[in-house]
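Student: Contents of protein_26.txt (compact mmCIF, C-alpha atoms) are given next:
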# COMPACT_ATOMS: atom_id res chain seq x y z
CA MET A 188 57.32 -29.29 -120.58
CA ALA A 189 56.40 -30.04 -116.99
CA GLN A 190 59.09 -29.50 -114.36
CA LEU A 191 60.58 -32.48 -112.53
CA SER A 192 58.73 -32.81 -109.21
CA VAL A 193 59.58 -36.39 -108.23
CA THR A 194 61.78 -37.05 -105.19
CA SER A 195 64.59 -39.57 -105.62
CA PHE A 196 63.80 -43.03 -104.24
CA HIS A 197 66.19 -45.15 -102.11
CA GLY A 198 64.14 -48.25 -101.41
CA GLY A 199 65.93 -49.44 -98.27
CA ASP A 200 63.96 -51.11 -95.49
CA LYS A 201 65.18 -48.58 -92.90
CA GLN A 202 64.04 -45.53 -94.85
CA GLU A 203 61.13 -44.61 -92.54
CA ASN A 204 60.41 -41.33 -94.33
CA GLU A 205 59.96 -43.06 -97.70
CA ASN A 206 56.73 -44.55 -98.98
CA PRO A 207 57.38 -46.68 -102.11
CA HIS A 208 53.83 -46.31 -103.37
CA ASP A 209 53.80 -42.56 -102.91
CA PHE A 210 56.95 -42.50 -105.05
CA ILE A 211 55.55 -44.66 -107.87
CA ASN A 212 52.29 -42.67 -107.83
CA SER A 213 54.22 -39.43 -108.28
CA ILE A 214 55.99 -41.04 -111.28
CA GLN A 215 52.60 -41.96 -112.75
CA CYS A 216 51.31 -38.42 -112.30
CA TYR A 217 54.39 -37.06 -114.01
CA PHE A 218 53.82 -39.32 -117.02
CA MET A 219 50.17 -38.27 -117.28
CA ASP A 220 51.25 -34.65 -117.48
CA ARG A 221 53.56 -35.24 -120.44
CA ASP A 222 52.63 -34.01 -123.90
CA PRO A 223 53.50 -35.85 -126.05
CA PRO A 224 53.27 -38.88 -123.71
CA PHE A 225 56.29 -41.07 -122.88
CA ASP A 226 56.59 -44.48 -124.49
CA ASN A 227 57.66 -47.61 -122.53
CA THR A 228 61.35 -47.03 -123.16
CA ASN A 229 61.23 -43.41 -121.96
CA LYS A 230 59.21 -44.36 -118.89
CA VAL A 231 61.71 -47.02 -117.79
CA GLY A 232 64.54 -44.62 -118.52
CA TYR A 233 62.93 -41.87 -116.45
CA LEU A 234 62.41 -44.32 -113.58
CA THR A 235 66.14 -45.13 -113.70
CA LEU A 236 66.97 -41.42 -113.30
CA CYS A 237 64.69 -41.16 -110.22
CA LEU A 238 66.45 -43.95 -108.30
CA LYS A 239 69.33 -42.95 -106.03
CA ASP A 240 72.67 -44.17 -107.32
CA GLY A 241 73.93 -47.23 -105.43
CA SER A 242 70.63 -47.65 -103.59
CA PRO A 243 68.68 -50.94 -103.19
CA ALA A 244 66.10 -49.57 -105.67
CA ALA A 245 68.76 -48.88 -108.34
CA GLU A 246 70.24 -52.35 -107.83
CA TRP A 247 66.77 -53.92 -108.14
CA LEU A 248 66.06 -52.23 -111.46
CA HIS A 249 69.52 -53.14 -112.81
CA GLU A 250 69.04 -56.84 -111.97
CA LEU A 251 65.44 -56.96 -113.23
CA ASP A 252 64.92 -59.40 -116.10
CA ASP A 253 64.51 -57.78 -119.54
CA ASN A 254 61.15 -59.48 -119.97
CA ASN A 255 59.90 -57.54 -116.97
CA LYS A 256 61.20 -54.24 -118.35
CA ASP A 257 59.80 -54.43 -121.88
CA THR A 258 56.57 -52.66 -120.87
CA TRP A 259 55.75 -50.18 -118.16
CA ALA A 260 52.93 -52.42 -116.93
CA ASN A 261 55.44 -55.23 -116.29
CA VAL A 262 57.70 -52.82 -114.41
CA LEU A 263 54.78 -51.82 -112.14
CA VAL A 264 54.01 -55.48 -111.38
CA ALA A 265 57.65 -56.16 -110.47
CA PHE A 266 57.81 -52.98 -108.37
CA ASN A 267 54.72 -53.99 -106.35
CA GLU A 268 56.18 -57.46 -105.79
CA ARG A 269 59.43 -55.98 -104.47
CA TRP A 270 57.68 -53.32 -102.33
CA PRO A 271 54.22 -54.65 -101.52
CA GLN A 272 51.73 -52.18 -100.12
CA ILE A 273 51.64 -52.30 -96.31
CA ARG A 274 48.20 -52.15 -94.78
CA ALA A 275 48.01 -49.56 -92.01
CA ALA A 276 46.94 -50.80 -88.58
CA THR A 277 43.37 -49.73 -87.84
CA LYS A 278 42.28 -48.57 -84.40
CA THR A 279 39.87 -50.66 -82.36
CA LYS A 280 36.59 -49.19 -81.15
CA GLY A 281 38.02 -48.96 -77.64
CA GLU A 282 41.07 -47.05 -78.90
CA LYS A 283 38.84 -44.66 -80.83
CA GLN A 284 36.68 -44.09 -77.75
CA GLU A 285 39.79 -43.42 -75.66
CA GLU A 286 40.99 -40.91 -78.25
CA LEU A 287 37.61 -39.17 -78.06
CA GLU A 288 37.75 -38.96 -74.27
CA LYS A 289 41.28 -37.50 -74.36
CA ALA A 290 40.40 -34.89 -76.99
CA ARG A 291 39.93 -31.97 -74.62
CA ILE A 292 40.44 -28.25 -74.92
CA GLY A 293 42.20 -26.43 -72.09
CA GLU A 294 41.04 -23.25 -70.38
CA ALA A 295 44.16 -21.44 -71.61
CA ASP A 296 43.40 -22.44 -75.22
CA LEU A 297 39.96 -20.81 -75.32
CA GLY A 298 39.38 -17.49 -77.06
CA LYS A 299 42.21 -17.99 -79.55
CA LYS A 300 42.36 -18.38 -83.33
CA ILE A 301 44.04 -21.27 -85.15
CA LYS A 302 44.29 -22.41 -88.75
CA VAL A 303 42.63 -25.66 -89.79
CA ASN A 304 43.17 -26.76 -93.39
CA GLY A 305 44.29 -23.23 -94.21
CA VAL A 306 41.17 -21.60 -92.72
CA GLU A 307 41.36 -19.43 -89.59
CA THR A 308 38.81 -20.34 -86.90
CA TRP A 309 38.29 -20.21 -83.13
CA THR A 310 39.75 -22.99 -80.99
CA HIS A 311 36.41 -24.09 -79.53
CA VAL A 312 34.91 -24.34 -83.03
CA ALA A 313 37.82 -26.49 -84.23
CA TRP A 314 37.44 -28.66 -81.11
CA ALA A 315 33.74 -29.21 -81.83
CA ASP A 316 34.54 -30.26 -85.42
CA ARG A 317 37.16 -32.73 -84.22
CA MET A 318 34.84 -34.21 -81.58
CA GLN A 319 32.15 -34.81 -84.17
CA GLN A 320 34.65 -36.53 -86.49
CA LEU A 321 35.95 -38.77 -83.70
CA ALA A 322 32.42 -39.70 -82.62
CA LYS A 323 31.54 -40.60 -86.22
CA ALA A 324 34.66 -42.75 -86.54
CA ILE A 325 33.79 -44.94 -83.50
CA PRO A 326 30.81 -44.79 -84.41
CA ASP A 327 28.78 -43.50 -81.47
CA GLU A 328 25.43 -43.79 -83.21
CA GLY A 329 23.41 -43.59 -80.00
CA SER A 330 25.29 -40.47 -78.78
CA LEU A 331 26.11 -42.33 -75.57
CA LEU A 332 29.36 -40.40 -75.07
CA VAL A 333 27.88 -36.90 -75.41
CA LYS A 334 27.26 -36.47 -71.66
CA SER A 335 30.84 -37.48 -70.86
CA ALA A 336 32.18 -34.98 -73.41
CA CYS A 337 29.96 -32.24 -71.95
CA ASP A 338 31.05 -32.99 -68.37
CA ASN A 339 34.73 -32.97 -69.38
CA MET A 340 34.58 -29.48 -70.86
CA VAL A 341 36.44 -26.74 -69.01
CA PRO A 342 34.16 -24.66 -66.71
CA SER A 343 34.14 -21.47 -68.83
CA LEU A 344 32.89 -23.34 -71.92
CA ARG A 345 30.59 -25.72 -70.04
CA ALA A 346 28.73 -22.77 -68.50
CA LEU A 347 27.69 -21.56 -71.99
CA VAL A 348 26.63 -24.92 -73.49
CA PRO A 349 23.15 -26.12 -72.41
CA HIS A 350 23.09 -29.65 -70.99
CA THR A 351 19.92 -30.39 -72.99
CA ASN A 352 22.02 -31.10 -76.09
CA ASP A 353 22.17 -34.90 -75.91
CA THR A 354 23.19 -35.76 -79.48
CA TRP A 355 26.47 -35.10 -81.27
CA PRO A 356 24.95 -32.82 -83.96
CA THR A 357 23.12 -30.62 -81.39
CA PHE A 358 26.02 -30.66 -78.92
CA THR A 359 28.71 -29.66 -81.43
CA LYS A 360 26.38 -27.07 -82.97
CA ALA A 361 25.85 -25.48 -79.53
CA VAL A 362 29.63 -25.36 -78.96
CA ARG A 363 30.26 -23.72 -82.35
CA GLU A 364 27.61 -21.06 -81.64
CA VAL A 365 29.17 -19.97 -78.32
CA SER A 366 29.84 -16.23 -78.40
CA VAL A 367 33.53 -15.42 -78.10
CA ILE A 368 32.69 -12.27 -76.08
CA GLU A 369 30.64 -14.25 -73.54
CA LEU A 370 33.35 -16.91 -73.44
CA GLN A 371 36.03 -14.33 -72.65
CA GLU A 372 33.84 -12.87 -69.86
CA LYS A 373 33.45 -16.35 -68.33
CA MET A 374 37.21 -16.84 -68.52
CA LYS A 375 37.76 -13.53 -66.74
CA ASP A 376 35.34 -14.51 -63.97
CA ARG A 377 37.15 -17.83 -63.65
CA GLU A 378 40.53 -16.11 -63.33
CA GLU A 379 39.21 -13.80 -60.60
CA LEU A 380 37.82 -16.79 -58.69
CA GLU A 381 41.13 -18.68 -58.94
CA SER A 382 42.95 -15.56 -57.76
CA LEU A 383 40.62 -15.35 -54.76
CA LYS A 384 41.31 -19.00 -53.90
CA ARG A 385 45.08 -18.47 -54.13
CA ARG A 386 44.94 -15.50 -51.76
CA GLY A 387 43.16 -17.62 -49.17
CA PRO A 388 40.69 -16.49 -46.47
CA GLN A 389 40.73 -12.77 -45.66
CA PRO A 390 39.34 -11.23 -42.44
CA PRO A 391 35.88 -9.86 -43.28
CA PRO A 392 34.98 -6.27 -42.35
CA THR A 393 33.08 -5.87 -39.07
CA PRO A 394 29.46 -4.93 -39.93
CA SER A 395 28.89 -2.93 -36.74
CA LYS A 396 31.98 -0.83 -37.38
CA ALA A 397 30.87 0.00 -40.89
CA LEU A 398 27.38 0.87 -39.64
CA ALA A 399 28.52 2.98 -36.67
CA PRO A 400 27.93 6.33 -38.46
CA THR A 401 24.43 5.21 -39.45
CA LEU A 402 23.53 3.91 -35.99
CA SER A 403 24.72 7.14 -34.39
CA LYS A 404 21.99 9.00 -36.33
CA VAL A 405 19.20 6.53 -35.57
CA GLN A 406 16.67 7.91 -33.07
CA LEU A 407 14.92 5.10 -31.20
CA GLY A 408 12.99 7.55 -29.00
CA PRO A 409 13.57 10.36 -26.52
CA PRO A 410 16.22 9.76 -23.85
CA LEU A 411 14.73 7.97 -20.86
CA PRO A 412 15.63 8.84 -17.25
CA SER A 413 17.07 6.05 -15.18
CA PRO A 414 14.75 4.47 -12.56
CA ASN A 415 15.31 5.78 -9.05
CA PHE A 416 16.55 2.69 -7.27
CA VAL A 417 19.86 1.44 -6.05
CA GLN A 418 21.17 -1.74 -7.59
CA ALA A 419 23.30 -4.15 -5.65
CA LYS A 420 26.96 -3.79 -6.46
CA GLY A 421 28.45 -6.87 -8.01
CA PRO A 422 31.95 -7.75 -9.09
CA THR A 423 33.24 -5.39 -11.75
CA THR A 424 34.72 -6.64 -15.00
CA ALA A 425 37.59 -5.16 -16.92
CA SER A 426 35.57 -4.76 -20.12
CA ALA A 427 32.09 -5.92 -20.99
CA PRO A 428 30.94 -6.58 -24.57
CA LYS A 429 28.66 -3.96 -26.09
CA TYR A 430 25.02 -4.99 -25.82
CA HIS A 431 22.59 -4.21 -28.64
CA THR A 432 18.87 -4.08 -28.15
CA ASP A 433 16.69 -6.02 -30.59
CA GLN A 434 15.83 -2.75 -32.33
CA GLU A 435 19.52 -1.90 -32.75
CA LYS A 436 20.25 -5.41 -33.97
CA TRP A 437 17.49 -5.19 -36.56
CA VAL A 438 18.84 -1.84 -37.80
CA ILE A 439 22.25 -3.48 -38.31
CA ILE A 440 20.76 -6.53 -40.02
CA GLU A 441 18.71 -4.40 -42.42
CA GLN A 442 21.95 -2.83 -43.66
CA LEU A 443 23.51 -6.21 -44.56
CA PRO A 444 23.75 -7.03 -48.29
CA PRO A 445 21.05 -9.37 -49.68
CA PRO A 446 21.86 -12.88 -50.94
CA PRO A 447 23.46 -12.70 -54.43
CA PRO A 448 21.76 -14.30 -57.48
CA GLY A 449 22.18 -18.07 -57.81
CA THR A 450 24.83 -18.12 -60.56
CA ASP A 451 27.78 -20.52 -60.84
CA ALA A 452 30.24 -17.69 -60.18
CA ASN A 453 28.35 -16.52 -57.06
CA ARG A 454 28.14 -20.08 -55.73
CA ALA A 455 31.89 -20.48 -56.13
CA VAL A 456 32.55 -17.19 -54.28
CA TYR A 457 30.07 -18.32 -51.60
CA GLN A 458 32.19 -21.42 -50.91
CA CYS A 459 35.23 -19.20 -50.36
CA LEU A 460 33.24 -16.93 -48.01
CA LEU A 461 32.18 -19.97 -45.94
CA MET A 462 35.82 -21.03 -45.46
CA GLN A 463 36.71 -17.43 -44.67
CA TRP A 464 33.98 -17.10 -42.01
CA HIS A 465 34.91 -20.31 -40.20
CA ALA A 466 38.62 -19.47 -40.36
CA THR A 467 37.94 -16.02 -38.86
CA HIS A 468 35.58 -17.35 -36.16
CA PRO A 469 36.93 -20.84 -35.36
CA LYS A 470 35.27 -20.97 -31.91
CA ALA A 471 31.95 -19.37 -32.84
CA THR A 472 28.93 -21.62 -32.37
CA SER A 473 26.51 -19.27 -34.10
CA ALA A 474 26.30 -16.08 -36.14
CA MET A 475 25.46 -12.61 -34.75
CA GLU A 476 24.77 -9.18 -36.14
CA ASP A 477 28.50 -8.41 -35.61
CA ARG A 478 29.54 -11.53 -37.48
CA PRO A 479 26.74 -12.36 -39.98
CA TYR A 480 26.91 -15.74 -41.69
CA PRO A 481 27.30 -15.83 -45.52
CA LEU A 482 23.95 -16.36 -47.29
CA THR A 483 23.41 -19.03 -49.95
CA PRO A 484 23.11 -17.44 -53.44
CA GLY A 485 19.56 -17.37 -54.81
CA THR A 486 17.86 -17.61 -51.38
CA ALA A 487 15.34 -15.33 -49.68
CA LEU A 488 16.16 -12.13 -47.79
CA LEU A 489 16.87 -12.30 -44.08
CA GLY A 490 13.65 -11.98 -42.06
CA SER A 491 11.45 -12.65 -45.11
CA GLY A 492 9.36 -15.23 -43.26
CA LYS A 493 10.28 -18.14 -45.52
CA CYS A 494 11.21 -21.50 -44.04
CA THR A 495 14.77 -21.28 -42.79
CA ASN A 496 15.46 -24.84 -43.95
CA CYS A 497 14.37 -24.70 -47.61
CA ARG A 498 13.56 -20.96 -48.17
CA MET A 499 9.94 -21.69 -49.22
CA MET A 500 6.69 -20.22 -47.83
CA GLY A 501 3.73 -22.04 -46.28
CA HIS A 502 5.24 -24.04 -43.42
CA ALA A 503 7.46 -23.72 -40.36
CA TRP A 504 11.06 -24.89 -40.26
CA HIS A 505 10.38 -27.70 -37.77
CA THR A 506 7.79 -29.25 -40.14
CA CYS A 507 9.93 -28.86 -43.30
CA ALA A 508 10.24 -32.06 -45.36
CA SER A 509 12.35 -30.65 -48.19
CA PRO A 510 15.63 -32.53 -48.96
CA HIS A 511 17.33 -29.24 -49.92
CA LYS A 512 18.63 -27.94 -46.59
CA LEU A 513 20.71 -24.86 -45.87
CA PRO A 514 23.93 -25.17 -43.83
CA ALA A 515 23.23 -25.53 -40.12
CA TYR A 516 24.97 -22.24 -39.28
CA GLU A 517 22.92 -20.34 -41.86
CA THR A 518 19.68 -21.97 -40.68
CA GLY A 519 20.43 -20.92 -37.09
CA TRP A 520 21.35 -17.39 -38.24
CA ARG A 521 18.07 -17.01 -40.18
CA ARG A 522 16.02 -18.22 -37.19
CA LYS A 523 17.82 -15.76 -34.92
CA VAL A 524 17.11 -12.92 -37.39
CA ASN A 525 13.42 -13.85 -37.48
CA SER A 526 13.32 -13.69 -33.67
CA ILE A 527 15.17 -10.34 -33.60
CA LYS A 528 12.82 -8.88 -36.21
CA SER A 529 9.75 -10.08 -34.35
CA ALA A 530 10.97 -8.60 -31.07
CA ALA A 531 12.07 -5.32 -32.67
CA THR A 532 8.88 -4.72 -34.64
CA THR A 533 6.47 -5.69 -31.85
CA ALA A 534 8.18 -3.76 -29.07
CA THR A 535 5.57 -1.92 -27.01
CA ALA A 536 5.68 1.73 -26.08
CA GLY A 537 7.32 2.83 -22.85
CA VAL A 538 5.45 2.44 -19.55
CA ASN A 539 5.56 4.69 -16.51
CA LEU A 540 7.11 3.17 -13.41
CA VAL A 541 6.14 4.90 -10.15
CA ILE A 542 8.35 3.94 -7.23
CA ALA A 543 7.07 4.57 -3.70
CA ASP A 544 9.92 6.77 -2.62
CA ASN A 545 10.04 8.78 -5.86
CA THR A 546 7.70 11.71 -6.52
CA GLN A 547 8.28 11.68 -10.31
CA PRO A 548 7.28 8.74 -12.56
CA THR A 549 10.10 7.07 -14.52
CA THR A 550 9.42 6.01 -18.15
CA LEU A 551 10.82 2.57 -19.11
CA THR A 552 10.68 0.52 -22.28
CA ALA A 553 9.19 -2.96 -22.12
CA GLU A 554 12.66 -4.48 -22.23
CA GLU A 555 13.95 -2.24 -19.42
CA LEU A 556 10.84 -2.95 -17.38
CA GLN A 557 11.43 -6.68 -17.66
CA GLU A 558 15.01 -6.24 -16.47
CA TRP A 559 13.86 -4.07 -13.54
CA LEU A 560 11.16 -6.56 -12.54
CA ALA A 561 13.67 -9.41 -12.66
CA GLY A 562 15.98 -7.49 -10.34
CA PHE A 563 13.12 -6.54 -8.07
CA SER A 564 11.93 -10.17 -7.83
CA ALA A 565 15.43 -11.33 -7.00
CA ALA A 566 15.69 -8.71 -4.24
CA GLN A 567 12.32 -9.75 -2.81
CA GLY A 568 13.34 -13.38 -2.85
CA GLN A 569 16.54 -12.59 -1.00
CA GLY A 570 14.58 -10.62 1.66
CA LYS A 571 12.21 -13.50 2.29
CA ALA A 572 15.12 -15.88 2.61
CA GLU A 573 16.78 -13.67 5.20
CA GLY A 574 13.46 -13.24 7.15
CA SER A 575 12.85 -16.95 7.41
CA SER A 576 16.21 -17.49 9.02
CA ASP A 577 15.38 -15.29 12.02
As C-alpha cells, what does this structure read like?

Tutor:
Amino acid sequence: MAQLSVTSFHGGDKQENENPHDFINSIQCYFMDRDPPFDNTNKVGYLTLCLKDGSPAAEWLHELDDNNKDTWANVLVAFNERWPQIRAATKTKGEKQEELEKARIGEADLGKKIKVNGVETWTHVAWADRMQQLAKAIPDEGSLLVKSACDNMVPSLRALVPHTNDTWPTFTKAVREVSVIELQEKMKDREELESLKRRGPQPPPTPSKALAPTLSKVQLGPPLPSPNFVQAKGPTTASAPKYHTDQEKWVIIEQLPPPPPGTDANRAVYQCLLMQWHATHPKATSAMEDRPYPLTPGTALLGSGKCTNCRMMGHAWHTCASPHKLPAYETGWRRKVNSIKSAATTATAGVNLVIADNTQPTTLTAEELQEWLAGFSAAQGQGKAEGSSD
C-alpha cells in the first residue's frame, strides 16, 4: 500500500501558500497509485480525511449536495467551481527585455561553482544558459540584444569573449567555453589594477639617479683640456641644474623601458601612470630625460623614426593626417628624443683651437666650439660698441 503523501487542505482565501489545484492533483496521483483502485465512495471518503477540520474546505464538502457527491467526477466539477483555476499573469515583452538586461553576473561571482537543477557548474556557464533562456522567452529572434549583453559583462569576462559573436547561440557558446584558469588570471589582473587606483599616484623613480652608476662608466672620449681664455665673470648662482650633453641624454634615454604591449591591462595601467606623471610634475610644460613621459602601449620605440603623431612610417609629423593622435605631451617628448638622437649620433669629432697667446692647441668638441665662438662673438661685439663711443 502506498504511503499517504498528500498535504491537508484548508481552502481559505488568505492561504497564500496553498494551491487548490496542486492539492487535488496530488489526490488524483494518490488514487492512481492504489492497487486495487478506490471506488467512488472510498475516493470521497479519502478526500474528507485530507481536509483540515473546521476549515472552509471541510465545510464546503459537508454542505455539498448528495447528487454532486455520488461520483468522483461530480466532486471534481464542484471542486473546480468552488476553487476555479487562476491564470498566472504573463510578462510583457518589455518586462522580459528588462529582466534580460538586469540578468548580470558580478565580478565577485566569477570563478565559483553553483548547483543548477542538482548539477554542479561554473557561474559563468549558468549565466550563459539563463541569458539564452531569457532571450528565447522574449523572443529576440534577430539577436538585437546580444551587443548590449556583451557590453554589460564585467571586464574580466568581457576580455575573454570575442565581440564577433553577434547571435545568442554563438555568444552563449563563447561564454560557456571560457577557460576558468584564464578567467581567474584576468580577475587577478583586475584586482591589482583596482589596488593601484586605490593607492593613488606614487612619485616615480628618477631615471638619472637609477642610471648614475651606468653613466659613470660611459667613456665619451679622452678628457679635453680647457681652452686658454678668461671668461667674463657674471653673477654667481646658489645652485645650477646639472646640464647633460646630447650624447649623455641619449645614453639615458636608451636605458628607458620600451612601450609595453597594447593589452587592456597595460592600457589601464598607462592611464594611472599619466595621472601620476602630471601629479608629480604639475608645472612641467614638457618631458625631459630626467622626467620621461609615459609611452602609449603598443607604440613604437623612442627615436625609431616613426611619425610622432600616429607612430607610422613614411611621413613627417607635420604632414600627418591620421585621426589617431598621441597625447600632446608624448608627441612633444618623442620629437625631443628624435632631435637628441640626431644630435648625439651626428656629433663631429673634436677640433683643434689655436689661440694667439697660447703655444699649445686646445682640442674642443663641436658643441664646446660653438659655445666658445658664441662667447667670442659677444666679446667682439662689446669691444666694437665701446670703440664707437670714443

Student: For Glu286 of chain A, which residue among A:Gln202, A:Gln320, A:Thr228, A:Asn267 is the nearest when counting only C-alpha atoms?

Tutor: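 Result for the nearest residue to Glu286 of chain A: A:Gln320.
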
Student: For the atom pair atom CA of Val341 of chain A and atom CA of Asn453 of chain A, what is the interatomic distance in Å to one decimal place?

Tutor: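 Computed distance, atom CA of Val341 of chain A to atom CA of Asn453 of chain A, equals 17.7 Å.
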
Student: Using only C-alpha atoms, pick whichever of A:Asn496, A:Glu328, A:Ala290, A:Ser343 has the shortest atom-to-atom distance to Pro510 of chain A.

Tutor: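 Counting only C-alpha atoms, the residue closest to Pro510 of chain A is A:Asn496.
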
Student: Write out as a VMD selection string the residues lying within 12 Å of Leu248 of chain A, counting all atoms listed in the file and excluding same-chain residues fewer than 5 positions away.

Tutor: chain A and resid 196 to 198 231 to 243 253 255 to 256 262 to 263 265 to 266 269

Student: A:Ala487, A:Leu344, A:Leu331, A:Ala275: which is nearest Asp296 of chain A, counting only C-alpha atoms?

Tutor: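 Counting only C-alpha atoms, the residue closest to Asp296 of chain A is A:Leu344.
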
Student: Go through A:Ser195, A:Ser335, A:Ser382, A:Ile440 one by one, measure the shortest atom-to-atom distance of each to Ala245 of chain A using only C-alpha atoms, and give the residue with the smallest value.

Tutor: A:Ser195

Student: Please provide as a list in words all residues within 9 Å of segment 375-380 of chain A, with the sequence filter that same-chain residues fewer than 6 positions apart are discarded (counting all atoms listed in the file).

Tutor: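 Counting all atoms listed in the file, the residues come to Pro342, Ser343, Ala452, Ala455 and Val456 of chain A.
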
Student: Atom CA of Pro349 of chain A and atom CA of Tyr457 of chain A, how far apart in Å?

Tutor: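 The value is 23.3 Å.
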
Student: Output segment 519-532 of chain A with N, CA and C atoms present, as a JSON list (two decimals), keeping the file's coordinate frame.

Tutor:
[["chain", "number", "residue", "atom", "x", "y", "z"],
["A", 519, "GLY", "N", 20.49, -21.54, -38.42],
["A", 519, "GLY", "CA", 20.43, -20.92, -37.09],
["A", 519, "GLY", "C", 20.45, -19.40, -37.16],
["A", 520, "TRP", "N", 21.26, -18.85, -38.08],
["A", 520, "TRP", "CA", 21.35, -17.39, -38.24],
["A", 520, "TRP", "C", 20.01, -16.83, -38.72],
["A", 521, "ARG", "N", 19.36, -17.49, -39.67],
["A", 521, "ARG", "CA", 18.07, -17.01, -40.18],
["A", 521, "ARG", "C", 16.99, -17.07, -39.09],
["A", 522, "ARG", "N", 17.00, -18.13, -38.28],
["A", 522, "ARG", "CA", 16.02, -18.22, -37.19],
["A", 522, "ARG", "C", 16.24, -17.11, -36.18],
["A", 523, "LYS", "N", 17.52, -16.82, -35.87],
["A", 523, "LYS", "CA", 17.82, -15.76, -34.92],
["A", 523, "LYS", "C", 17.35, -14.41, -35.47],
["A", 524, "VAL", "N", 17.55, -14.18, -36.77],
["A", 524, "VAL", "CA", 17.11, -12.92, -37.39],
["A", 524, "VAL", "C", 15.59, -12.79, -37.30],
["A", 525, "ASN", "N", 14.89, -13.89, -37.57],
["A", 525, "ASN", "CA", 13.42, -13.85, -37.48],
["A", 525, "ASN", "C", 12.98, -13.47, -36.07],
["A", 526, "SER", "N", 13.65, -14.00, -35.05],
["A", 526, "SER", "CA", 13.32, -13.69, -33.67],
["A", 526, "SER", "C", 13.62, -12.23, -33.34],
["A", 527, "ILE", "N", 14.79, -11.75, -33.84],
["A", 527, "ILE", "CA", 15.17, -10.34, -33.60],
["A", 527, "ILE", "C", 14.17, -9.41, -34.26],
["A", 528, "LYS", "N", 13.77, -9.74, -35.49],
["A", 528, "LYS", "CA", 12.82, -8.88, -36.21],
["A", 528, "LYS", "C", 11.48, -8.83, -35.49],
["A", 529, "SER", "N", 11.04, -10.01, -35.05],
["A", 529, "SER", "CA", 9.75, -10.08, -34.35],
["A", 529, "SER", "C", 9.78, -9.24, -33.07],
["A", 530, "ALA", "N", 10.87, -9.35, -32.31],
["A", 530, "ALA", "CA", 10.97, -8.60, -31.07],
["A", 530, "ALA", "C", 11.09, -7.10, -31.32],
["A", 531, "ALA", "N", 11.84, -6.74, -32.39],
["A", 531, "ALA", "CA", 12.07, -5.32, -32.67],
["A", 531, "ALA", "C", 10.82, -4.64, -33.19],
["A", 532, "THR", "N", 10.05, -5.34, -34.01],
["A", 532, "THR", "CA", 8.88, -4.72, -34.64],
["A", 532, "THR", "C", 7.64, -4.77, -33.78]]
